[in-house]
Amino acid sequence: MKRRPQFLLINPYIYDFAAYDLWSKPLGLLYIASVLEENGSDVKVIDAMDRWHPAVLRLQGLDRPKSRPFGDGHFFKEQVTKPSLVSSVPRKYYRYGMPPSVLEKEIRREVETVKPDAILVTSGMTYWYQGVHETIRLCKELVPDVPVLLGGIYATLFTDHATRTSGADLVIAGEGERTILPALSKLTGFEYTRTYSSHDDFPKPAYHHYPTLEYAAMMTTRGCPYSCSFCATHSFTEHFNRRRVSSVVEEIAFYRQHRDIRNITFYDDALFVNADAHIKPILREVIARHIKVHFHTPNGLFARLIDEELADLLVASGFKTIRLSYETKNIERQQQMRKVTDHDLEKALERLQHAGFPSRDAVVYLIMGLPGQTPFEVEESIQYVHELGARVSLSSFSPIPHTEEWNKAIELFQLPADEPLLTNKSIYPLKHDGFTMEDFERLKTVATRGNRRVRDSVESATISDYNVYA
Ligand code: B12
Ligand code: SF4
């Protein structure tokens with residue numbers, strides 16, 4: 001009988017100035033896990049960022065993590081010395097998730113039970129690459145003859161850096177569901193013949209690797225039809241595409257019925273695009289089938305696309321977290337970005353309020369620190385959002401490779417083009433001479449104080465202030 005291929009998949013721990021489990025799951029790695037399983041392979045997953053991991057709970061003397069009512073919560077963290085490159089940033093630096101010694105034990109246990117044919121490591125934000133490199137090093141120390149493959153966001157946006165410095169045997173950029181089988185065939189000699197023609201063909205992400213799951217992240221679309229100057233979405237998925245309504249509803253129902261999941265978060269970049277053919281029928285079906293879940297959208301939604309019907313459906317189907325992209329009050333910049341106007345934002349908030357979602361519970365994303373932007377512009381934008389009765393989440397701009405703003409920032413601020421650490425949103429501000437660090441801190445305080453005023457303006461605010469970026 002033929003031996004089944006064995007793979008170990010790892011989501012590394014991270015280093016950062018701040019991090020929070022805002023419904024964070026390594027969704028891409030879980031898709032790859034299920035593709036491998038569907039094609040006759042055995043898979044083990046170690047998620048070093050799982051707050052429910054027994055080894056991480058043991059460290060803290062807990063039997064369950066302290067989550068908030070919707071399943072989000074703080075990661076386990078330990079303060080560490082800042083890398084010299086970022087030592088001038090006046091903030092503390094932490095490692096979040098499973099400590100390296102614990103990860104080592106977990107890997108050791110897995111590879112001693114069954115030696116894998118390959119280890120697949122994912123990578124999140126570009127500036128989290130240290131944890132990725134350390135994880136690969138660990139794997140190479142423990143099982144030097146097992147090939148390590150690296151993919152994910154860092155691997156896609158800094159492919160050359162990852163190839164040169166990560167220690168992985170193979171770095172694969174972009175979506176992995178279609179590329180992983182041919183790559184593994186070549187590397188291990190196993191024969192995989194299956195090809196996937198559309199996103200609807202992909203099996204459901206492999207959440208069965210989590211014994212306890214408080215929430216699930218999902219994607220109903222891939223890519224985005226717009227092309228904002230600071231966004232790298234096109235590097236992952238070239239063309240926007242939607243999954244079938246029935247397959248999305250099936251997935252939501254599955255999580256509710258088979259895993260008792262009550263919180264679902266959408267990772268889509270463009271959830272509301274073609275709403276009449278996509279999100280509206282999905283939500284109508286969720287309502288008709290009485291699937292009782294809370295929906296959350298940590299990514300900014302396109303305010304212009306929220307009409308009265310969509311606002312009603314969002315409220316009736318159980319949306320609890322709604323974050324809207326607005327970015328700035330500066331009209332010239334709004335036109336440049338071709339995104340959202342004041343009118344769009346006002347209408348969206350009005351329609352949500354009318355449908356029963358109070359403006360004080362909506363969070364509006366503003367961008368801070370774009371090349372050419374001034375602190376005054378940001379302050380004016382904050383004030384405007386607060387006047388509309390909504391809360392603000394400030395997203396510090398950081399340049400991302402393969403975007404228009406990256407080219408501008410590299411030139412303007414003479415940034416080294418090959419150091420992912422400097423793409424951290426807490427570091428870039430130091431390079432921006434239009435903003436001082438004090439400006440950033442002051443604006444964050446203005447936003448937080450205003451948010452508190454908005455929240456406290458009515459006694460029964462329902463969503464707590466989780467401005468993780470502040
Ligand atoms: C969802 C999301 C979030 C979520 C959290 C995601 C999480 N898992 O924790 C939230 C909303 C919290 C978030 C926050 C932020 N985000 Co974000 N986010 C995304 C988004 C939209 C989707 C990521 C995702 O999960 N995709 C779904 C899965 C299916 O894809 P995937 O993980 O990439 O995996 C695929 C491939 O990479 C590959 N793959 C993955 N692993 C492996 C392994 C192997 C071996 C192989 C072969 C392949 C492979 O195959 C997978 C399947 O196709 C991306 C944009 C995008 N479209 O990618 C931005 C993105 C990653 N975010 C970005 C940014 C800027 C941010 C913020 C900094 C915004 C801000 N200014 O505050 C914050 C930072 C948060 C922090 N703690 O520091 C940037 C990247 C920044 C960077 N320098 O890395 C992106 C690219 C968007 C952009 N603007 O261009 N984000
Ligand atoms: S910022 Fe949003 S709307 Fe703009 S290209 Fe990226 S995902 Fe699309």
# chains A, B, ... in the order shown; residues from 1 in each chain; ligands from 1

call {"tool": "residues_near_ligand", "arguments": {"ligand": "ligand 2", "cutoff": "8 Å", "atoms": "only C-alpha atoms and all ligand atoms", "output": "PDB file with C-alpha atoms, in the first residue's frame"}}
result
ATOM      1  CA  GLY A 223      -9.227  40.302  -4.534  1.00  0.00           C
ATOM      2  CA  CYS A 224     -10.707  43.728  -5.140  1.00  0.00           C
ATOM      3  CA  PRO A 225     -11.887  45.541  -8.293  1.00  0.00           C
ATOM      4  CA  TYR A 226     -10.460  48.876  -7.060  1.00  0.00           C
ATOM      5  CA  SER A 227      -6.823  49.843  -6.931  1.00  0.00           C
ATOM      6  CA  CYS A 228      -6.053  52.220  -4.092  1.00  0.00           C
ATOM      7  CA  SER A 229      -2.593  53.683  -4.176  1.00  0.00           C
ATOM      8  CA  PHE A 230      -1.490  52.240  -0.792  1.00  0.00           C
ATOM      9  CA  CYS A 231      -2.933  48.744  -1.050  1.00  0.00           C
ATOM     10  CA  ALA A 232      -1.176  45.515  -2.051  1.00  0.00           C
ATOM     11  CA  THR A 233      -4.218  43.314  -2.505  1.00  0.00           C
ATOM     12  CA  HIS A 234      -3.488  42.850  -6.201  1.00  0.00           C
ATOM     13  CA  ASP A 269     -11.268  43.082   0.798  1.00  0.00           C
ATOM     14  CA  ALA A 270     -14.443  43.987  -1.091  1.00  0.00           C
ATOM     15  CA  GLY A 300     -12.994  48.688   6.284  1.00  0.00           C
ATOM     16  CA  LEU A 301     -16.214  48.367   4.288  1.00  0.00           C
ATOM     17  CA  PHE A 302     -17.018  50.495   1.285  1.00  0.00           C
ATOM     18  CA  SER A 325     -13.355  52.996   5.175  1.00  0.00           C
ATOM     19  CA  MET A 337      -8.100  57.627  -3.975  1.00  0.00           C
ATOM     20  CA  LYS A 339     -12.820  55.879  -2.541  1.00  0.00           C
TER      21      LYS A 339
END

call {"tool": "closest_atom_pairs", "arguments": {"of": "chain A", "to": "ligand 1", "cutoff": "6 Å", "atoms": "only C-alpha atoms and all ligand atoms", "output": "CSV"}}
result
residue,atom,partner,partner_atom_place_in_ligand_line,distance
A:Ala19,CA,ligand 1,77 (N),4.4
A:Leu22,CA,ligand 1,12 (C),5.4
A:Ser24,CA,ligand 1,9 (O),3.9
A:Lys25,CA,ligand 1,8 (N),4.7
A:Pro26,CA,ligand 1,8 (N),5.0
A:Leu27,CA,ligand 1,28 (C),4.9
A:Gly28,CA,ligand 1,34 (O),3.2
A:Leu29,CA,ligand 1,41 (N),4.6
A:Tyr31,CA,ligand 1,52 (C),5.9
A:Leu120,CA,ligand 1,45 (C),4.2
A:Val121,CA,ligand 1,45 (C),5.0
A:Thr122,CA,ligand 1,41 (N),3.8
A:Met125,CA,ligand 1,84 (O),3.3
A:Thr126,CA,ligand 1,84 (O),3.9
A:Leu149,CA,ligand 1,45 (C),4.7
A:Leu150,CA,ligand 1,45 (C),4.2
A:Gly151,CA,ligand 1,44 (C),3.5
A:Gly152,CA,ligand 1,37 (O),3.2
A:Ile153,CA,ligand 1,37 (O),5.0
A:Ile172,CA,ligand 1,47 (C),4.9
A:Gly174,CA,ligand 1,36 (C),5.0
A:Glu175,CA,ligand 1,53 (O),3.3
A:Gly176,CA,ligand 1,50 (O),3.4
A:Glu177,CA,ligand 1,53 (O),5.4
A:Ile180,CA,ligand 1,47 (C),5.4
A:Gly223,CA,ligand 1,57 (N),5.9
A:Cys231,CA,ligand 1,90 (O),3.6
A:Ala232,CA,ligand 1,90 (O),3.5
A:Thr233,CA,ligand 1,57 (N),4.5
A:Phe236,CA,ligand 1,58 (O),5.9
A:Tyr267,CA,ligand 1,1 (C),4.2
A:Asp268,CA,ligand 1,21 (C),5.9
A:Asp269,CA,ligand 1,21 (C),5.1
A:Pro298,CA,ligand 1,11 (C),4.4
A:Asn299,CA,ligand 1,11 (C),4.6
A:Ser395,CA,ligand 1,71 (N),4.0
A:Ser396,CA,ligand 1,71 (N),4.8
A:Phe397,CA,ligand 1,71 (N),5.5
A:Ile400,CA,ligand 1,83 (N),5.4
A:Thr423,CA,ligand 1,83 (N),5.4
A:Tyr469,CA,ligand 1,72 (O),5.7

call {"tool": "select_by_dssp", "arguments": {"residues": "range 81-262 of chain A", "states": "alpha helix (DSSP H)", "output": "PyMOL selection string"}}
result
chain A and resi 100-113+129-142+153-157+159-165+180-188+233-236+245-259

call {"tool": "write_last_selection", "arguments": {"atoms": "C-alpha atoms", "output": "compact mmCIF listing (two decimals), in the first residue's frame"}}
result
# COMPACT_ATOMS: atom_id res chain seq x y z
CA PRO A 100 10.09 29.77 21.15
CA SER A 101 10.91 27.15 23.84
CA VAL A 102 7.27 25.99 23.80
CA LEU A 103 7.13 25.99 20.01
CA GLU A 104 10.30 23.92 19.97
CA LYS A 105 8.65 21.31 22.24
CA GLU A 106 5.54 21.27 20.05
CA ILE A 107 7.54 20.80 16.84
CA ARG A 108 9.73 18.17 18.49
CA ARG A 109 6.69 16.23 19.63
CA GLU A 110 5.15 16.29 16.15
CA VAL A 111 8.30 15.31 14.25
CA GLU A 112 9.15 12.56 16.72
CA THR A 113 5.67 11.02 16.34
CA TYR A 129 9.35 38.10 9.58
CA GLN A 130 11.67 37.59 12.58
CA GLY A 131 9.27 35.02 14.08
CA VAL A 132 9.08 33.32 10.68
CA HIS A 133 12.86 33.10 10.35
CA GLU A 134 13.23 31.78 13.91
CA THR A 135 10.57 29.13 13.26
CA ILE A 136 12.31 27.97 10.09
CA ARG A 137 15.63 27.86 11.94
CA LEU A 138 14.04 25.71 14.65
CA CYS A 139 12.66 23.29 12.06
CA LYS A 140 16.04 23.07 10.37
CA GLU A 141 17.74 22.34 13.71
CA LEU A 142 15.23 19.65 14.65
CA ILE A 153 2.03 37.81 3.09
CA TYR A 154 5.71 38.46 3.88
CA ALA A 155 6.72 35.78 1.36
CA THR A 156 4.55 37.43 -1.32
CA LEU A 157 5.48 41.06 -0.70
CA THR A 159 9.88 37.38 -2.01
CA ASP A 160 13.54 38.21 -2.68
CA HIS A 161 14.22 39.02 0.96
CA ALA A 162 12.50 35.79 2.03
CA THR A 163 14.40 33.72 -0.52
CA ARG A 164 17.74 35.19 0.52
CA THR A 165 17.32 35.30 4.28
CA ILE A 180 1.15 23.88 -3.43
CA LEU A 181 0.36 20.49 -5.01
CA PRO A 182 2.71 20.83 -8.00
CA ALA A 183 5.43 22.24 -5.69
CA LEU A 184 5.14 19.32 -3.29
CA SER A 185 5.02 16.80 -6.14
CA LYS A 186 8.34 18.16 -7.37
CA LEU A 187 9.91 18.30 -3.93
CA THR A 188 8.74 15.01 -2.45
CA THR A 233 -4.22 43.31 -2.50
CA HIS A 234 -3.49 42.85 -6.20
CA SER A 235 -0.25 41.08 -5.36
CA PHE A 236 -2.27 38.24 -3.86
CA VAL A 245 -23.81 32.38 -2.66
CA SER A 246 -24.84 28.79 -1.80
CA SER A 247 -21.28 27.75 -0.95
CA VAL A 248 -20.81 30.76 1.36
CA VAL A 249 -24.11 30.14 3.17
CA GLU A 250 -23.26 26.46 3.52
CA GLU A 251 -19.95 27.37 5.13
CA ILE A 252 -21.61 29.74 7.63
CA ALA A 253 -24.26 27.12 8.49
CA PHE A 254 -21.56 24.48 8.92
CA TYR A 255 -19.66 26.57 11.49
CA ARG A 256 -22.82 27.27 13.44
CA GLN A 257 -24.19 23.72 13.37
CA HIS A 258 -21.05 21.62 13.60
CA ARG A 259 -18.70 23.82 15.63

call {"tool": "residues_around", "arguments": {"residues": "range 5-10 of chain A", "least_positions_apart": "4", "cutoff": "8 Å", "atoms": "only C-alpha atoms", "output": "PDB file with C-alpha atoms, in the first residue's frame"}}
result
ATOM      1  CA  LEU A  29      -2.583  28.159   5.889  1.00  0.00           C
ATOM      2  CA  ALA A  33      -4.171  22.298   5.007  1.00  0.00           C
ATOM      3  CA  GLY A  40      -4.849  12.233   0.483  1.00  0.00           C
ATOM      4  CA  SER A  41      -2.211  13.750   2.776  1.00  0.00           C
ATOM      5  CA  ASP A  42      -2.042  13.759   6.568  1.00  0.00           C
ATOM      6  CA  VAL A  43      -1.612  17.192   8.093  1.00  0.00           C
ATOM      7  CA  LYS A  44      -0.696  18.496  11.541  1.00  0.00           C
ATOM      8  CA  VAL A  45      -1.057  22.201  12.338  1.00  0.00           C
ATOM      9  CA  ILE A  46       0.755  24.191  15.021  1.00  0.00           C
ATOM     10  CA  ASP A  47      -0.729  27.664  15.394  1.00  0.00           C
ATOM     11  CA  ALA A  48       1.636  29.562  17.694  1.00  0.00           C
ATOM     12  CA  GLU A 110       5.151  16.292  16.150  1.00  0.00           C
ATOM     13  CA  VAL A 114       5.684  11.154  12.546  1.00  0.00           C
ATOM     14  CA  LYS A 115       8.525  12.592  10.522  1.00  0.00           C
ATOM     15  CA  PRO A 116       6.903  14.947   7.976  1.00  0.00           C
ATOM     16  CA  ASP A 117       7.733  14.893   4.275  1.00  0.00           C
ATOM     17  CA  ALA A 118       7.809  18.689   4.339  1.00  0.00           C
ATOM     18  CA  ILE A 119       7.097  21.552   6.718  1.00  0.00           C
ATOM     19  CA  LEU A 120       4.981  24.454   5.476  1.00  0.00           C
ATOM     20  CA  VAL A 121       5.342  27.781   7.229  1.00  0.00           C
ATOM     21  CA  THR A 122       3.053  30.765   6.722  1.00  0.00           C
ATOM     22  CA  PHE A 190       4.270  12.353  -4.428  1.00  0.00           C
TER      23      PHE A 190
END

call {"tool": "closest_residue", "arguments": {"among": "A:Arg453, A:His296, A:His402, A:His290", "to": "Phe158 in chain A", "atoms": "only C-alpha atoms"}}
result
A:His402

call {"tool": "closest_residue", "arguments": {"among": "A:Met98, A:Ser381, A:Arg455, A:Phe202", "to": "Val56 in chain A", "atoms": "only C-alpha atoms"}}
result
A:Met98

call {"tool": "select_by_dssp", "arguments": {"residues": "range 313-352 of chain A", "states": "strand (DSSP E or B)", "output": "list in words"}}
result
Phe319, Lys320, Thr321, Ile322, Arg323, Leu324, Ser325, Tyr326 and Glu327 of chain A
